[in-house]
file target.csv (CSV, C-alpha atoms)
chain,number,residue,atom,x,y,z
A,1,MET,CA,3.4,26.0,-23.2
A,2,GLY,CA,1.0,28.0,-25.3
A,3,LEU,CA,-2.5,29.1,-24.3
A,4,SER,CA,-4.3,26.6,-26.6
A,5,SER,CA,-2.4,23.8,-24.9
A,6,LYS,CA,-3.5,25.0,-21.5
A,7,ILE,CA,-7.1,25.1,-22.5
A,8,THR,CA,-6.9,21.6,-23.9
A,9,LEU,CA,-5.4,20.4,-20.6
A,10,TYR,CA,-7.9,22.2,-18.5
A,11,LYS,CA,-10.7,20.3,-20.2
A,12,LEU,CA,-9.4,17.1,-18.6
A,13,MET,CA,-10.2,18.5,-15.2
A,14,HIS,CA,-13.5,20.0,-14.2
A,15,PRO,CA,-13.3,23.8,-13.7
A,16,SER,CA,-14.6,23.5,-10.2
A,17,GLN,CA,-11.8,21.0,-9.4
A,18,ILE,CA,-9.3,23.5,-10.7
A,19,ARG,CA,-10.7,26.2,-8.5
A,20,HIS,CA,-10.7,23.9,-5.5
A,21,LEU,CA,-7.1,22.9,-6.3
A,22,SER,CA,-6.0,26.6,-6.6
A,23,LYS,CA,-7.6,27.4,-3.3
A,24,ALA,CA,-6.1,24.4,-1.5
A,25,LEU,CA,-2.6,25.4,-2.8
A,26,SER,CA,-3.1,29.1,-2.3
A,27,GLU,CA,-1.6,29.4,-5.7
A,28,GLN,CA,-3.1,29.8,-9.2
A,29,VAL,CA,-3.0,26.6,-11.1
A,30,MET,CA,-1.4,27.2,-14.5
A,31,ALA,CA,-1.6,23.8,-16.1
A,32,VAL,CA,-2.8,20.3,-15.4
A,33,SER,CA,-2.0,17.1,-17.2
A,34,PRO,CA,-3.1,13.5,-16.4
A,35,VAL,CA,-0.8,11.0,-14.9
A,36,SER,CA,-1.2,7.3,-15.7
A,37,GLY,CA,-1.5,4.6,-13.1
A,38,GLY,CA,-4.0,3.9,-10.3
A,39,ASP,CA,-7.6,2.8,-10.5
A,40,ILE,CA,-9.2,4.6,-7.6
A,41,ALA,CA,-8.8,8.3,-8.2
A,42,GLU,CA,-7.8,10.7,-11.1
A,43,ALA,CA,-4.1,11.6,-10.9
A,44,TRP,CA,-2.5,14.8,-12.2
A,45,HIS,CA,0.7,16.7,-12.7
A,46,VAL,CA,-0.1,20.2,-11.6
A,47,ARG,CA,2.0,23.3,-12.3
A,48,THR,CA,1.7,26.7,-10.7
A,49,SER,CA,3.8,29.7,-11.4
A,50,THR,CA,6.4,28.6,-8.8
A,51,ASN,CA,5.9,24.8,-8.2
A,52,VAL,CA,4.9,21.5,-9.6
A,53,TYR,CA,2.8,19.0,-7.6
A,54,PHE,CA,1.1,15.6,-7.8
A,55,ALA,CA,-2.6,15.7,-7.2
A,56,LYS,CA,-5.3,13.1,-6.8
A,57,THR,CA,-9.0,14.0,-7.2
A,58,GLY,CA,-12.2,12.1,-6.7
A,59,LEU,CA,-15.7,13.4,-6.2
A,60,THR,CA,-17.2,10.4,-4.4
A,61,SER,CA,-17.1,10.2,-0.6
A,62,GLY,CA,-15.4,6.7,-0.8
A,63,VAL,CA,-12.5,8.1,-2.9
A,64,SER,CA,-12.2,11.1,-0.6
A,65,ASP,CA,-11.9,8.8,2.4
A,66,THR,CA,-8.9,7.1,0.8
A,67,PHE,CA,-7.1,10.4,0.6
A,68,LYS,CA,-7.4,11.0,4.3
A,69,SER,CA,-6.0,7.5,5.1
A,70,GLU,CA,-3.2,8.0,2.6
A,71,ALA,CA,-2.2,11.3,4.1
A,72,GLN,CA,-2.1,9.6,7.6
A,73,GLY,CA,-0.1,6.8,6.3
A,74,LEU,CA,2.5,9.0,4.6
A,75,ALA,CA,2.8,11.0,7.8
A,76,ALA,CA,3.5,7.8,9.8
A,77,LEU,CA,6.1,6.7,7.3
A,78,LYS,CA,7.8,10.1,7.3
A,79,GLN,CA,8.0,10.1,11.1
A,80,ALA,CA,9.9,6.8,11.0
A,81,HIS,CA,13.0,8.5,9.5
A,82,SER,CA,14.0,5.4,7.6
A,83,GLY,CA,16.0,7.1,4.9
A,84,LEU,CA,13.3,6.3,2.3
A,85,ILE,CA,11.8,9.3,0.6
A,86,VAL,CA,8.2,9.9,1.6
A,87,PRO,CA,6.3,12.6,-0.4
A,88,TYR,CA,5.3,15.6,1.6
A,89,VAL,CA,1.5,16.2,1.9
A,90,VAL,CA,0.9,19.7,0.6
A,91,ALA,CA,-2.9,19.6,1.0
A,92,GLN,CA,-5.6,17.2,1.9
A,93,GLU,CA,-9.2,18.2,1.7
A,94,SER,CA,-12.5,16.7,0.7
A,95,GLY,CA,-12.1,15.3,-2.8
A,96,ILE,CA,-8.4,16.3,-3.2
A,97,LEU,CA,-4.9,15.2,-2.1
A,98,VAL,CA,-1.9,17.2,-3.2
A,99,LEU,CA,1.7,15.8,-2.7
A,100,GLU,CA,5.1,17.1,-3.7
A,101,TRP,CA,6.1,16.0,-7.1
A,102,LEU,CA,8.6,13.1,-7.3
A,103,GLU,CA,10.5,12.9,-10.6
A,104,PRO,CA,11.0,9.3,-11.5
A,105,VAL,CA,14.2,7.9,-13.0
A,106,LYS,CA,15.2,4.4,-14.1
A,107,ALA,CA,16.2,2.3,-11.1
A,108,THR,CA,19.8,1.4,-10.5
A,109,GLU,CA,21.4,-1.3,-8.3
A,110,GLU,CA,22.3,1.5,-5.9
A,111,HIS,CA,18.6,2.4,-5.7
A,112,PHE,CA,17.7,-1.1,-4.8
A,113,ARG,CA,20.5,-1.3,-2.2
A,114,LYS,CA,19.3,1.8,-0.5
A,115,PHE,CA,15.7,0.6,-0.7
A,116,GLY,CA,16.7,-2.6,1.1
A,117,GLU,CA,18.5,-0.7,3.8
A,118,GLY,CA,15.7,1.8,4.2
A,119,LEU,CA,12.9,-0.8,4.4
A,120,ALA,CA,14.8,-2.7,7.1
A,121,LYS,CA,15.1,0.6,9.0
A,122,LEU,CA,11.4,1.3,8.5
A,123,HIS,CA,10.6,-2.1,9.9
A,124,GLN,CA,12.7,-1.3,12.9
A,125,SER,CA,10.2,1.4,13.8
A,126,PHE,CA,8.1,-0.6,16.3
A,127,SER,CA,4.6,-0.3,17.8
A,128,PRO,CA,5.0,1.6,21.1
A,129,THR,CA,2.7,-0.9,22.8
A,130,ALA,CA,4.1,-4.0,20.9
A,131,ALA,CA,0.5,-4.6,19.7
A,132,TYR,CA,-0.6,-5.1,16.1
A,133,GLY,CA,-2.9,-2.6,14.3
A,134,PHE,CA,-3.0,1.1,13.7
A,135,GLN,CA,-4.6,4.2,15.1
A,136,SER,CA,-7.4,4.0,12.5
A,137,HIS,CA,-8.8,1.8,9.8
A,138,ASN,CA,-7.6,2.6,6.3
A,139,PHE,CA,-7.7,1.2,2.7
A,140,ILE,CA,-5.9,-1.3,0.6
A,141,GLY,CA,-6.7,-0.1,-2.8
A,142,ARG,CA,-10.4,0.7,-2.7
A,143,THR,CA,-11.0,-1.9,0.0
A,144,ARG,CA,-11.5,-0.9,3.6
A,145,GLN,CA,-8.7,-2.4,5.8
A,146,LEU,CA,-9.4,-3.1,9.4
A,147,ASN,CA,-6.7,-2.2,12.0
A,148,SER,CA,-8.2,-3.0,15.3
A,149,TRP,CA,-5.5,-3.6,17.9
A,150,GLN,CA,-4.6,-7.2,18.8
A,151,THR,CA,-1.9,-8.5,21.2
A,152,ASP,CA,-1.1,-11.6,19.2
A,153,TRP,CA,-0.3,-11.7,15.5
A,154,PRO,CA,-2.3,-14.8,14.3
A,155,THR,CA,-5.4,-13.3,15.8
A,156,PHE,CA,-4.8,-10.0,14.1
A,157,PHE,CA,-4.1,-11.6,10.7
A,158,LEU,CA,-7.3,-13.7,11.0
A,159,GLU,CA,-9.7,-11.1,12.3
A,160,ASN,CA,-8.4,-8.0,10.5
A,161,ARG,CA,-7.1,-9.5,7.3
A,162,LEU,CA,-8.1,-13.0,6.0
A,163,TRP,CA,-11.6,-13.3,7.4
A,164,PRO,CA,-12.9,-9.9,6.4
A,165,MET,CA,-11.5,-10.2,2.9
A,166,ALA,CA,-13.0,-13.6,2.5
A,167,GLU,CA,-16.3,-12.3,3.6
A,168,ARG,CA,-16.2,-9.5,1.1
A,169,CYS,CA,-15.4,-12.0,-1.7
A,170,ARG,CA,-18.4,-14.2,-0.5
A,171,LYS,CA,-20.7,-11.2,-0.7
A,172,ALA,CA,-19.4,-10.3,-4.2
A,173,LYS,CA,-20.1,-13.9,-5.3
A,174,ARG,CA,-16.4,-14.5,-6.0
A,175,TRP,CA,-16.0,-17.3,-3.5
A,176,PRO,CA,-16.7,-20.8,-4.8
A,177,ALA,CA,-18.2,-23.2,-2.3
A,178,THR,CA,-15.3,-25.6,-2.7
A,179,TRP,CA,-13.0,-23.0,-1.0
A,180,GLU,CA,-14.9,-23.1,2.3
A,181,ILE,CA,-13.5,-26.3,3.8
A,182,PRO,CA,-9.8,-25.5,3.1
A,183,PHE,CA,-10.3,-21.9,4.2
A,184,GLN,CA,-11.8,-23.0,7.5
A,185,SER,CA,-8.9,-25.5,8.0
A,186,LEU,CA,-6.4,-22.7,7.3
A,187,CYS,CA,-8.1,-20.4,9.8
A,188,LYS,CA,-7.9,-23.0,12.5
A,189,ALA,CA,-4.2,-23.7,11.7
A,190,LEU,CA,-3.0,-20.1,11.8
A,191,PRO,CA,-1.7,-20.2,15.4
A,192,GLN,CA,0.5,-23.1,14.4
A,193,ILE,CA,1.7,-21.5,11.1
A,194,LEU,CA,2.3,-17.9,12.1
A,195,PRO,CA,4.6,-16.6,14.9
A,196,LYS,CA,2.5,-15.5,17.9
A,197,HIS,CA,4.6,-12.4,18.8
A,198,PRO,CA,6.9,-11.3,15.9
A,199,PRO,CA,8.2,-7.7,16.2
A,200,ALA,CA,5.3,-5.2,15.5
A,201,SER,CA,7.0,-3.3,12.7
A,202,LEU,CA,5.7,-0.2,11.0
A,203,LEU,CA,4.6,-1.6,7.5
A,204,HIS,CA,4.0,0.1,4.2
A,205,GLY,CA,1.2,-2.4,3.8
A,206,ASP,CA,0.8,-2.4,0.0
A,207,LEU,CA,4.4,-2.9,-1.1
A,208,TRP,CA,4.3,-3.9,-4.8
A,209,HIS,CA,6.7,-2.4,-7.3
A,210,GLY,CA,4.1,0.2,-8.5
A,211,ASN,CA,4.2,1.8,-5.0
A,212,VAL,CA,8.0,2.4,-5.1
A,213,CYS,CA,9.3,5.4,-7.0
A,214,PHE,CA,13.0,5.7,-7.8
A,215,THR,CA,14.1,9.3,-7.9
A,216,PRO,CA,17.4,11.1,-8.5
A,217,ASN,CA,17.7,11.4,-4.7
A,218,GLY,CA,16.9,7.8,-3.9
A,219,PRO,CA,14.0,5.4,-3.5
A,220,ALA,CA,10.6,6.7,-2.4
A,221,VAL,CA,7.5,5.0,-1.2
A,222,ILE,CA,3.9,6.0,-2.1
A,223,ASP,CA,0.3,4.9,-1.7
A,224,PRO,CA,0.7,3.2,1.7
A,225,ALA,CA,-1.8,1.1,3.7
A,226,VAL,CA,0.2,1.3,6.9
A,227,TYR,CA,-0.2,-0.6,10.2
A,228,TYR,CA,2.0,-2.3,12.7
A,229,GLY,CA,2.5,-6.0,12.0
A,230,ASP,CA,4.9,-8.8,10.9
A,231,ARG,CA,7.5,-7.3,8.6
A,232,GLU,CA,7.2,-10.5,6.5
A,233,THR,CA,3.9,-9.3,5.1
A,234,ASP,CA,5.7,-6.4,3.3
A,235,LEU,CA,8.5,-8.6,2.2
A,236,ALA,CA,6.1,-11.3,0.9
A,237,MET,CA,4.2,-8.7,-1.2
A,238,THR,CA,7.4,-7.6,-2.9
A,239,THR,CA,7.6,-11.0,-4.5
A,240,LEU,CA,3.9,-11.2,-5.5
A,241,PHE,CA,4.3,-9.3,-8.8
A,242,GLY,CA,8.1,-9.1,-9.0
A,243,GLY,CA,10.0,-6.0,-10.0
A,244,PHE,CA,12.6,-5.9,-7.3
A,245,SER,CA,16.3,-6.6,-7.8
A,246,SER,CA,18.1,-9.4,-5.9
A,247,VAL,CA,20.3,-6.5,-4.5
A,248,PHE,CA,17.2,-5.3,-2.6
A,249,TYR,CA,16.8,-8.6,-0.8
A,250,GLU,CA,20.5,-8.9,-0.1
A,251,SER,CA,20.7,-5.4,1.2
A,252,TYR,CA,17.7,-6.0,3.5
A,253,GLN,CA,19.0,-9.3,4.8
A,254,PHE,CA,22.4,-7.7,5.6
A,255,ALA,CA,20.6,-5.1,7.7
A,256,TRP,CA,18.0,-7.5,9.3
A,257,PRO,CA,18.1,-11.2,8.2
A,258,PHE,CA,14.8,-12.9,7.3
A,259,ALA,CA,13.3,-15.2,10.1
A,260,SER,CA,13.5,-18.9,9.6
A,261,GLY,CA,10.4,-20.2,7.8
A,262,PHE,CA,9.7,-17.1,5.8
A,263,GLU,CA,9.6,-18.8,2.5
A,264,GLU,CA,6.9,-21.2,3.8
A,265,ARG,CA,4.8,-18.3,5.2
A,266,LYS,CA,5.1,-16.1,2.2
A,267,PRO,CA,2.2,-17.5,0.2
A,268,LEU,CA,-0.1,-17.2,3.2
A,269,TYR,CA,0.7,-13.6,3.6
A,270,ASN,CA,0.1,-12.9,-0.1
A,271,LEU,CA,-3.3,-14.7,0.1
A,272,TYR,CA,-4.7,-11.5,1.6
A,273,HIS,CA,-3.6,-9.5,-1.4
A,274,LEU,CA,-4.7,-12.1,-3.9
A,275,LEU,CA,-8.2,-12.1,-2.3
A,276,ASN,CA,-8.3,-8.3,-2.6
A,277,HIS,CA,-7.3,-8.5,-6.2
A,278,LEU,CA,-10.0,-11.1,-6.8
A,279,LEU,CA,-12.5,-8.8,-5.2
A,280,LEU,CA,-11.4,-5.7,-7.1
A,281,PHE,CA,-10.4,-7.2,-10.5
A,282,GLY,CA,-12.2,-10.5,-10.9
A,283,SER,CA,-11.7,-14.2,-11.6
A,284,SER,CA,-8.2,-14.0,-13.1
A,285,TYR,CA,-6.9,-14.3,-9.5
A,286,ALA,CA,-9.1,-17.2,-8.6
A,287,GLU,CA,-6.6,-19.9,-9.6
A,288,SER,CA,-3.8,-18.3,-7.4
A,289,VAL,CA,-6.2,-18.2,-4.5
A,290,ALA,CA,-7.2,-21.8,-5.0
A,291,THR,CA,-3.6,-22.9,-5.1
A,292,THR,CA,-2.8,-21.2,-1.9
A,293,LEU,CA,-5.8,-22.6,-0.1
A,294,LYS,CA,-4.9,-26.1,-1.2
A,295,LYS,CA,-1.4,-25.6,0.1
A,296,PHE,CA,-2.4,-24.5,3.5
A,297,GLY,CA,-5.9,-25.9,3.9

call {"tool": "encode", "arguments": {"input": "target.csv", "output": "structure tokens"}}
result
Amino acid sequence: MGLSSKITLYKLMHPSQIRHLSKALSEQVMAVSPVSGGDIAEAWHVRTSTNVYFAKTGLTSGVSDTFKSEAQGLAALKQAHSGLIVPYVVAQESGILVLEWLEPVKATEEHFRKFGEGLAKLHQSFSPTAAYGFQSHNFIGRTRQLNSWQTDWPTFFLENRLWPMAERCRKAKRWPATWEIPFQSLCKALPQILPKHPPASLLHGDLWHGNVCFTPNGPAVIDPAVYYGDRETDLAMTTLFGGFSSVFYESYQFAWPFASGFEERKPLYNLYHLLNHLLLFGSSYAESVATTLKKFG
């Protein structure tokens, strides 16, 4: 890469950020190029004289807070030893998160088989106290995600997931008044719909296809929103936007079969993510939210 190209790439990142990045890495940054995807932070492919990295940068305190949570989540996933690749956190400081670079490849059926096996093994990493929650609150996208510990699952899902997300949508004026009665009915019915004490599995928490990276060495998971909860929440989200081969589901079920009634609970678990997308991206998700509320309310 010639000098002129380096200068052009440097203009995409503020010089102070380049200096910050070099200091965090204890290496001189040689080239930086933008990486597509994501809507929270700026993402970069970073090259030094000896290594390549993936970096996220963001100057606001809100973005910086997501980096700390992401690093904690990746550490928890790595400690589970599930067989899934979890990127190593190289550096995490105010305004910056640097991870090892994962080279993506086109997914094969073998990738999906290993992903099913690995996710089932991840979900068999259980909360040491059998409670639902996590050591700290974190983020689902840009939205603060509450993880206060609860000893029964319907209470956790209501108080830490559905109710706070609905309240955010109300405050953002993205909550029609016609939703209130079915939502209140749904909240009252949760103890009858959801299992009271499912296994408290370690969850990725934001498991859509964009947060799975297939590499030459196998499937990897990125951008987590981890907590301990019902594994069905992860499985449900894999169906929300598609992108997962049937081999993935077959492989998972061979390792740990789905519980009876999962198909009926799946839309309810995805309501949390639909509400978050309504909050973040607007009215295009309103019809899906309304359909789910009508189904359960």

call {"tool": "residues_around", "arguments": {"input": "target.csv", "residues": "range 219-227 of chain A", "least_positions_apart": "2", "cutoff": "7 Å", "atoms": "only C-alpha atoms", "output": "list in words"}}
result
Glu70, Gly73, Leu74, Leu84, Ile85, Val86, His111, Phe115, Gly133, Phe134, Asn138, Phe139, Ile140, Asn147, Leu202, Leu203, His204, Gly205, Asp206, Asn211, Val212, Cys213, Phe214, Thr215 and Gly229 of chain A

call {"tool": "write_last_selection", "arguments": {"input": "target.csv", "atoms": "C-alpha atoms", "output": "CSV table (one decimal), keeping the file's coordinate frame"}}
result
chain,number,residue,atom,x,y,z
A,70,GLU,CA,-3.2,8.0,2.6
A,73,GLY,CA,-0.1,6.8,6.3
A,74,LEU,CA,2.5,9.0,4.6
A,84,LEU,CA,13.3,6.3,2.3
A,85,ILE,CA,11.8,9.3,0.6
A,86,VAL,CA,8.2,9.9,1.6
A,111,HIS,CA,18.6,2.4,-5.7
A,115,PHE,CA,15.7,0.6,-0.7
A,133,GLY,CA,-2.9,-2.6,14.3
A,134,PHE,CA,-3.0,1.1,13.7
A,138,ASN,CA,-7.6,2.6,6.3
A,139,PHE,CA,-7.7,1.2,2.7
A,140,ILE,CA,-5.9,-1.3,0.6
A,147,ASN,CA,-6.7,-2.2,12.0
A,202,LEU,CA,5.7,-0.2,11.0
A,203,LEU,CA,4.6,-1.6,7.5
A,204,HIS,CA,4.0,0.1,4.2
A,205,GLY,CA,1.2,-2.4,3.8
A,206,ASP,CA,0.8,-2.4,0.0
A,211,ASN,CA,4.2,1.8,-5.0
A,212,VAL,CA,8.0,2.4,-5.1
A,213,CYS,CA,9.3,5.4,-7.0
A,214,PHE,CA,13.0,5.7,-7.8
A,215,THR,CA,14.1,9.3,-7.9
A,229,GLY,CA,2.5,-6.0,12.0

call {"tool": "closest_residue", "arguments": {"input": "target.csv", "among": "A:Thr60, A:Thr155, A:Ser201, A:Thr66", "to": "Gln124 in chain A", "atoms": "all atoms listed in the file"}}
result
A:Ser201

call {"tool": "residues_around", "arguments": {"input": "target.csv", "residues": "Arg231 in chain A", "least_positions_apart": "6", "cutoff": "12 Å", "atoms": "only C-alpha atoms", "output": "ChimeraX atom specification"}}
result
/A:119-127,132,153,195,197-207,237-238,252,256-259,262,265-266,269

call {"tool": "closest_residue", "arguments": {"input": "target.csv", "among": "A:Val63, A:Leu12, A:Val90, A:Ala177", "to": "Ser26 in chain A", "atoms": "all atoms listed in the file"}}
result
A:Val90

call {"tool": "closest_residue", "arguments": {"input": "target.csv", "among": "A:Gln253, A:Ser283, A:Gln79, A:Ser69", "to": "Arg142 in chain A", "atoms": "all atoms listed in the file"}}
result
A:Ser69

call {"tool": "atom_distance", "arguments": {"input": "target.csv", "atom1": "CA of Arg144 in chain A", "atom2": "CA of Ala43 in chain A"}}
result
20.5 Å

call {"tool": "closest_residue", "arguments": {"input": "target.csv", "among": "A:Gly243, A:Val46, A:Glu159, A:Tyr228", "to": "Leu77 in chain A", "atoms": "all atoms listed in the file"}}
result
A:Tyr228

call {"tool": "atom_distance", "arguments": {"input": "target.csv", "atom1": "CA of Leu268 in chain A", "atom2": "CA of Glu109 in chain A"}}
result
29.1 Å

call {"tool": "atom_distance", "arguments": {"input": "target.csv", "atom1": "CA of Gly261 in chain A", "atom2": "CA of Phe244 in chain A"}}
result
20.9 Å

call {"tool": "residues_around", "arguments": {"input": "target.csv", "residues": "Ser284 in chain A", "least_positions_apart": "5", "cutoff": "12 Å", "atoms": "all atoms listed in the file", "output": "PyMOL selection string"}}
result
chain A and resi 174+274-279+289-290

call {"tool": "residues_near_point", "arguments": {"input": "target.csv", "point": "(-6.3, 17.1, -9.4)", "cutoff": "10 Å", "atoms": "all atoms listed in the file", "output": "tab-separated table (two decimals) with C-alpha atoms, keeping the file's coordinate frame"}}
result
chain	number	residue	atom	x	y	z
A	12	LEU	CA	-9.40	17.10	-18.60
A	13	MET	CA	-10.20	18.50	-15.20
A	14	HIS	CA	-13.50	20.00	-14.20
A	17	GLN	CA	-11.80	21.00	-9.40
A	18	ILE	CA	-9.30	23.50	-10.70
A	20	HIS	CA	-10.70	23.90	-5.50
A	21	LEU	CA	-7.10	22.90	-6.30
A	22	SER	CA	-6.00	26.60	-6.60
A	32	VAL	CA	-2.80	20.30	-15.40
A	33	SER	CA	-2.00	17.10	-17.20
A	34	PRO	CA	-3.10	13.50	-16.40
A	35	VAL	CA	-0.80	11.00	-14.90
A	41	ALA	CA	-8.80	8.30	-8.20
A	42	GLU	CA	-7.80	10.70	-11.10
A	43	ALA	CA	-4.10	11.60	-10.90
A	44	TRP	CA	-2.50	14.80	-12.20
A	45	HIS	CA	0.70	16.70	-12.70
A	46	VAL	CA	-0.10	20.20	-11.60
A	53	TYR	CA	2.80	19.00	-7.60
A	54	PHE	CA	1.10	15.60	-7.80
A	55	ALA	CA	-2.60	15.70	-7.20
A	56	LYS	CA	-5.30	13.10	-6.80
A	57	THR	CA	-9.00	14.00	-7.20
A	58	GLY	CA	-12.20	12.10	-6.70
A	95	GLY	CA	-12.10	15.30	-2.80
A	96	ILE	CA	-8.40	16.30	-3.20
A	97	LEU	CA	-4.90	15.20	-2.10
A	98	VAL	CA	-1.90	17.20	-3.20

call {"tool": "decode", "arguments": {"input": "target.csv", "residues": "range 204-219 of chain A", "atoms": "N, CA and C atoms", "output": "PDB file, in the first residue's frame"}}
result
ATOM      1  N   HIS A 204     -25.919 -15.561  24.645  1.00  0.00           N
ATOM      2  CA  HIS A 204     -25.301 -14.497  23.861  1.00  0.00           C
ATOM      3  C   HIS A 204     -26.111 -13.226  24.032  1.00  0.00           C
ATOM      4  N   GLY A 205     -27.432 -13.334  23.914  1.00  0.00           N
ATOM      5  CA  GLY A 205     -28.313 -12.224  24.205  1.00  0.00           C
ATOM      6  C   GLY A 205     -28.758 -11.386  23.021  1.00  0.00           C
ATOM      7  N   ASP A 206     -28.014 -11.435  21.909  1.00  0.00           N
ATOM      8  CA  ASP A 206     -28.368 -10.646  20.721  1.00  0.00           C
ATOM      9  C   ASP A 206     -28.024 -11.468  19.483  1.00  0.00           C
ATOM     10  N   LEU A 207     -28.590 -12.675  19.416  1.00  0.00           N
ATOM     11  CA  LEU A 207     -28.099 -13.685  18.486  1.00  0.00           C
ATOM     12  C   LEU A 207     -28.845 -13.662  17.154  1.00  0.00           C
ATOM     13  N   TRP A 208     -28.660 -12.597  16.394  1.00  0.00           N
ATOM     14  CA  TRP A 208     -29.116 -12.577  15.013  1.00  0.00           C
ATOM     15  C   TRP A 208     -27.925 -12.918  14.119  1.00  0.00           C
ATOM     16  N   HIS A 209     -28.181 -13.161  12.826  1.00  0.00           N
ATOM     17  CA  HIS A 209     -27.118 -13.693  11.971  1.00  0.00           C
ATOM     18  C   HIS A 209     -25.950 -12.721  11.809  1.00  0.00           C
ATOM     19  N   GLY A 210     -26.193 -11.413  11.976  1.00  0.00           N
ATOM     20  CA  GLY A 210     -25.094 -10.459  11.864  1.00  0.00           C
ATOM     21  C   GLY A 210     -24.094 -10.525  12.996  1.00  0.00           C
ATOM     22  N   ASN A 211     -24.440 -11.215  14.077  1.00  0.00           N
ATOM     23  CA  ASN A 211     -23.524 -11.351  15.201  1.00  0.00           C
ATOM     24  C   ASN A 211     -22.870 -12.723  15.268  1.00  0.00           C
ATOM     25  N   VAL A 212     -22.939 -13.445  14.154  1.00  0.00           N
ATOM     26  CA  VAL A 212     -22.208 -14.707  13.999  1.00  0.00           C
ATOM     27  C   VAL A 212     -21.276 -14.539  12.811  1.00  0.00           C
ATOM     28  N   CYS A 213     -20.019 -14.843  13.015  1.00  0.00           N
ATOM     29  CA  CYS A 213     -19.020 -14.708  11.955  1.00  0.00           C
ATOM     30  C   CYS A 213     -18.437 -16.092  11.671  1.00  0.00           C
ATOM     31  N   PHE A 214     -18.484 -16.511  10.429  1.00  0.00           N
ATOM     32  CA  PHE A 214     -17.928 -17.808  10.052  1.00  0.00           C
ATOM     33  C   PHE A 214     -16.512 -17.592   9.528  1.00  0.00           C
ATOM     34  N   THR A 215     -15.572 -18.279  10.123  1.00  0.00           N
ATOM     35  CA  THR A 215     -14.152 -18.104   9.844  1.00  0.00           C
ATOM     36  C   THR A 215     -13.558 -19.420   9.347  1.00  0.00           C
ATOM     37  N   PRO A 216     -12.340 -19.391   8.819  1.00  0.00           N
ATOM     38  CA  PRO A 216     -11.702 -20.646   8.397  1.00  0.00           C
ATOM     39  C   PRO A 216     -11.555 -21.651   9.532  1.00  0.00           C
ATOM     40  N   ASN A 217     -11.547 -21.172  10.780  1.00  0.00           N
ATOM     41  CA  ASN A 217     -11.362 -22.051  11.928  1.00  0.00           C
ATOM     42  C   ASN A 217     -12.670 -22.443  12.612  1.00  0.00           C
ATOM     43  N   GLY A 218     -13.794 -21.967  12.057  1.00  0.00           N
ATOM     44  CA  GLY A 218     -15.071 -22.317  12.650  1.00  0.00           C
ATOM     45  C   GLY A 218     -15.929 -21.102  12.924  1.00  0.00           C
ATOM     46  N   PRO A 219     -17.129 -21.313  13.511  1.00  0.00           N
ATOM     47  CA  PRO A 219     -18.037 -20.204  13.780  1.00  0.00           C
ATOM     48  C   PRO A 219     -17.588 -19.383  14.989  1.00  0.00           C
TER      49      PRO A 219
END
